[in-house]
Amino acid sequence: MEHDIDGEEKARFTPESGFNLVGIDPFGSRGNQLYVIEHFENYKDALGAKKSRKNPDEYMILYPGA
């Protein structure tokens, strides 16, 4: 599934440091498709949290700090 997420929206969800686990709402309007699930200070914890979520209909991405 392809999501049309613009750079401005991505920038709003990119943390200063650490990692944001971000959900993607495939039915959201342009500019309102992303939402923060949780923030983590290290990659290992963020990746573990992403893998532990079991909802097959949930689309997620990790955004690393700038």
# chains A, B, ... in the order shown; residues from 1 in each chain; ligands from 1

call {"tool": "residues_around", "arguments": {"residues": "region 36-44 of chain A", "least_positions_apart": "4", "cutoff": "6 Å", "atoms": "only C-alpha atoms", "output": "ChimeraX atom specification"}}
result
/A:18-22

call {"tool": "write_last_selection", "arguments": {"atoms": "N, CA, C and O atoms", "output": "PDB file, in the first residue's frame"}}
result
ATOM      1  N   GLY A  18      16.333  10.839  19.466  1.00  0.00           N
ATOM      2  CA  GLY A  18      15.622   9.588  19.679  1.00  0.00           C
ATOM      3  C   GLY A  18      14.832   9.175  18.453  1.00  0.00           C
ATOM      4  O   GLY A  18      15.168   9.541  17.321  1.00  0.00           O
ATOM      5  N   PHE A  19      13.745   8.442  18.687  1.00  0.00           N
ATOM      6  CA  PHE A  19      12.932   7.886  17.601  1.00  0.00           C
ATOM      7  C   PHE A  19      11.455   7.994  17.934  1.00  0.00           C
ATOM      8  O   PHE A  19      11.054   7.724  19.060  1.00  0.00           O
ATOM      9  N   ASN A  20      10.663   8.379  16.956  1.00  0.00           N
ATOM     10  CA  ASN A  20       9.214   8.359  17.098  1.00  0.00           C
ATOM     11  C   ASN A  20       8.662   7.166  16.341  1.00  0.00           C
ATOM     12  O   ASN A  20       8.986   6.966  15.162  1.00  0.00           O
ATOM     13  N   LEU A  21       7.845   6.385  17.032  1.00  0.00           N
ATOM     14  CA  LEU A  21       7.075   5.334  16.367  1.00  0.00           C
ATOM     15  C   LEU A  21       5.789   6.006  15.926  1.00  0.00           C
ATOM     16  O   LEU A  21       5.023   6.500  16.752  1.00  0.00           O
ATOM     17  N   VAL A  22       5.601   6.090  14.621  1.00  0.00           N
ATOM     18  CA  VAL A  22       4.511   6.868  14.045  1.00  0.00           C
ATOM     19  C   VAL A  22       3.561   5.949  13.284  1.00  0.00           C
ATOM     20  O   VAL A  22       3.992   5.108  12.499  1.00  0.00           O
TER      21      VAL A  22
END

call {"tool": "closest_residue", "arguments": {"among": "A:Ser52, A:Glu58, A:Gly65, A:Ala46", "to": "Lys10 (chain A)", "atoms": "only C-alpha atoms"}}
result
A:Gly65

call {"tool": "select_by_dssp", "arguments": {"residues": "chain A", "states": "alpha helix (DSSP H)", "output": "ChimeraX atom specification"}}
result
/A:7-12,43-52

call {"tool": "write_last_selection", "arguments": {"atoms": "all heavy atoms", "output": "compact mmCIF listing (two decimals), in the first residue's frame"}}
result
# COMPACT_ATOMS: atom_id res chain seq x y z
N GLY A 7 6.35 16.12 2.80
CA GLY A 7 7.54 16.41 3.60
C GLY A 7 7.26 17.24 4.83
O GLY A 7 7.90 17.06 5.87
N GLU A 8 6.31 18.15 4.75
CA GLU A 8 5.96 19.00 5.89
C GLU A 8 5.39 18.15 7.03
O GLU A 8 5.72 18.35 8.20
CB GLU A 8 4.96 20.07 5.47
CG GLU A 8 4.63 21.05 6.57
CD GLU A 8 3.67 22.12 6.09
OE1 GLU A 8 3.96 22.75 5.04
OE2 GLU A 8 2.65 22.33 6.76
N GLU A 9 4.54 17.20 6.69
CA GLU A 9 3.96 16.34 7.71
C GLU A 9 5.05 15.46 8.32
O GLU A 9 5.11 15.27 9.54
CB GLU A 9 2.83 15.48 7.13
CG GLU A 9 2.12 14.67 8.19
CD GLU A 9 0.90 13.92 7.70
OE1 GLU A 9 0.69 13.81 6.48
OE2 GLU A 9 0.16 13.44 8.55
N LYS A 10 5.94 14.91 7.50
CA LYS A 10 7.05 14.10 8.01
C LYS A 10 7.90 14.92 8.98
O LYS A 10 8.30 14.42 10.03
CB LYS A 10 7.92 13.60 6.87
CG LYS A 10 7.29 12.52 6.05
CD LYS A 10 8.22 12.12 4.92
CE LYS A 10 7.56 11.14 3.99
NZ LYS A 10 8.42 10.79 2.84
N ALA A 11 8.18 16.16 8.64
CA ALA A 11 9.01 17.02 9.49
C ALA A 11 8.36 17.25 10.85
O ALA A 11 9.06 17.31 11.87
CB ALA A 11 9.26 18.35 8.79
N ARG A 12 7.04 17.38 10.90
CA ARG A 12 6.34 17.58 12.18
C ARG A 12 6.49 16.39 13.11
O ARG A 12 6.40 16.53 14.33
CB ARG A 12 4.85 17.86 11.95
CG ARG A 12 4.55 19.20 11.38
CD ARG A 12 3.08 19.60 11.51
NE ARG A 12 2.11 18.54 11.38
CZ ARG A 12 1.38 18.29 10.29
NH1 ARG A 12 1.53 19.04 9.21
NH2 ARG A 12 0.51 17.32 10.27
N TYR A 43 17.13 3.12 19.39
CA TYR A 43 16.57 2.38 18.26
C TYR A 43 16.08 0.99 18.66
O TYR A 43 15.04 0.54 18.20
CB TYR A 43 17.62 2.28 17.15
CG TYR A 43 17.13 1.53 15.94
CD1 TYR A 43 16.20 2.10 15.07
CD2 TYR A 43 17.58 0.24 15.66
CE1 TYR A 43 15.74 1.42 13.96
CE2 TYR A 43 17.13 -0.45 14.55
CZ TYR A 43 16.22 0.14 13.71
OH TYR A 43 15.76 -0.54 12.62
N LYS A 44 16.84 0.32 19.52
CA LYS A 44 16.47 -1.05 19.92
C LYS A 44 15.09 -1.08 20.56
O LYS A 44 14.27 -1.94 20.23
CB LYS A 44 17.53 -1.59 20.88
CG LYS A 44 17.29 -3.01 21.30
CD LYS A 44 18.40 -3.49 22.22
CE LYS A 44 18.09 -4.89 22.71
NZ LYS A 44 19.12 -5.36 23.65
N ASP A 45 14.82 -0.15 21.46
CA ASP A 45 13.50 -0.10 22.11
C ASP A 45 12.40 0.24 21.11
O ASP A 45 11.31 -0.33 21.14
CB ASP A 45 13.49 0.92 23.25
CG ASP A 45 14.34 0.49 24.43
OD1 ASP A 45 14.69 -0.71 24.52
OD2 ASP A 45 14.67 1.35 25.26
N ALA A 46 12.68 1.18 20.21
CA ALA A 46 11.69 1.58 19.21
C ALA A 46 11.35 0.42 18.27
O ALA A 46 10.18 0.16 17.98
CB ALA A 46 12.21 2.78 18.41
N LEU A 47 12.37 -0.27 17.82
CA LEU A 47 12.15 -1.40 16.91
C LEU A 47 11.40 -2.53 17.63
O LEU A 47 10.49 -3.13 17.06
CB LEU A 47 13.49 -1.91 16.36
CG LEU A 47 13.41 -2.98 15.29
CD1 LEU A 47 12.64 -2.48 14.08
CD2 LEU A 47 14.79 -3.41 14.89
N GLY A 48 11.76 -2.78 18.89
CA GLY A 48 11.06 -3.80 19.67
C GLY A 48 9.58 -3.48 19.82
O GLY A 48 8.72 -4.35 19.72
N ALA A 49 9.27 -2.21 20.08
CA ALA A 49 7.88 -1.79 20.23
C ALA A 49 7.12 -1.95 18.91
O ALA A 49 5.97 -2.38 18.90
CB ALA A 49 7.81 -0.34 20.70
N LYS A 50 7.78 -1.61 17.81
CA LYS A 50 7.14 -1.75 16.50
C LYS A 50 6.82 -3.22 16.22
O LYS A 50 5.73 -3.55 15.77
CB LYS A 50 8.04 -1.19 15.41
CG LYS A 50 7.43 -1.25 14.03
CD LYS A 50 8.33 -0.66 12.98
CE LYS A 50 7.67 -0.78 11.62
NZ LYS A 50 8.55 -0.35 10.54
N LYS A 51 7.77 -4.10 16.51
CA LYS A 51 7.58 -5.53 16.25
C LYS A 51 6.54 -6.15 17.18
O LYS A 51 5.89 -7.12 16.82
CB LYS A 51 8.90 -6.27 16.39
CG LYS A 51 9.86 -5.99 15.27
CD LYS A 51 11.15 -6.75 15.45
CE LYS A 51 12.09 -6.52 14.30
NZ LYS A 51 13.36 -7.26 14.47
N SER A 52 6.37 -5.59 18.38
CA SER A 52 5.45 -6.19 19.35
C SER A 52 3.99 -5.84 19.08
O SER A 52 3.09 -6.47 19.62
CB SER A 52 5.83 -5.77 20.77
OG SER A 52 5.52 -4.41 20.98

call {"tool": "select_by_dssp", "arguments": {"residues": "region 16-55 of chain A", "states": "strand (DSSP E or B)", "output": "PyMOL selection string"}}
result
chain A and resi 19-24+34-40

call {"tool": "write_last_selection", "arguments": {"atoms": "N, CA, C and O atoms", "output": "compact mmCIF listing (two decimals), in the first residue's frame"}}
result
# COMPACT_ATOMS: atom_id res chain seq x y z
N PHE A 19 13.75 8.44 18.69
CA PHE A 19 12.93 7.89 17.60
C PHE A 19 11.46 7.99 17.93
O PHE A 19 11.05 7.72 19.06
N ASN A 20 10.66 8.38 16.96
CA ASN A 20 9.21 8.36 17.10
C ASN A 20 8.66 7.17 16.34
O ASN A 20 8.99 6.97 15.16
N LEU A 21 7.85 6.39 17.03
CA LEU A 21 7.08 5.33 16.37
C LEU A 21 5.79 6.01 15.93
O LEU A 21 5.02 6.50 16.75
N VAL A 22 5.60 6.09 14.62
CA VAL A 22 4.51 6.87 14.05
C VAL A 22 3.56 5.95 13.28
O VAL A 22 3.99 5.11 12.50
N GLY A 23 2.28 6.10 13.55
CA GLY A 23 1.26 5.37 12.83
C GLY A 23 0.82 6.14 11.60
O GLY A 23 0.91 7.36 11.54
N ILE A 24 0.35 5.40 10.60
CA ILE A 24 -0.13 6.00 9.35
C ILE A 24 -1.60 5.66 9.20
O ILE A 24 -1.98 4.49 9.19
N LEU A 34 -0.50 11.11 9.74
CA LEU A 34 0.42 10.56 10.73
C LEU A 34 -0.03 10.88 12.15
O LEU A 34 -0.66 11.90 12.40
N TYR A 35 0.33 9.99 13.07
CA TYR A 35 0.09 10.22 14.50
C TYR A 35 1.17 9.50 15.29
O TYR A 35 1.63 8.43 14.92
N VAL A 36 1.62 10.12 16.39
CA VAL A 36 2.67 9.53 17.22
C VAL A 36 2.07 8.45 18.10
O VAL A 36 1.07 8.67 18.78
N ILE A 37 2.69 7.28 18.07
CA ILE A 37 2.30 6.19 18.96
C ILE A 37 3.11 6.30 20.24
O ILE A 37 2.56 6.25 21.33
N GLU A 38 4.44 6.46 20.10
CA GLU A 38 5.30 6.56 21.27
C GLU A 38 6.68 7.07 20.85
O GLU A 38 7.10 6.87 19.71
N HIS A 39 7.38 7.71 21.79
CA HIS A 39 8.74 8.20 21.56
C HIS A 39 9.71 7.33 22.34
O HIS A 39 9.44 6.94 23.47
N PHE A 40 10.86 7.04 21.73
CA PHE A 40 11.90 6.23 22.36
C PHE A 40 13.24 6.93 22.22
O PHE A 40 13.49 7.62 21.23

call {"tool": "closest_residue", "arguments": {"among": "A:Lys54, A:Ala66, A:Gly31, A:Met60", "to": "Ser17 (chain A)", "atoms": "only C-alpha atoms"}}
result
A:Ala66

call {"tool": "atom_distance", "arguments": {"atom1": "CA of Asn55 (chain A)", "atom2": "CA of Glu16 (chain A)"}}
result
28.1 Å

call {"tool": "atom_distance", "arguments": {"atom1": "CA of Arg30 (chain A)", "atom2": "CA of Asp6 (chain A)"}}
result
7.6 Å

call {"tool": "atom_distance", "arguments": {"atom1": "CA of Phe27 (chain A)", "atom2": "CA of Ile61 (chain A)"}}
result
16.2 Å

call {"tool": "closest_residue", "arguments": {"among": "A:Asp4, A:Pro64, A:Asp57, A:Pro15", "to": "Ser29 (chain A)", "atoms": "only C-alpha atoms"}}
result
A:Asp4
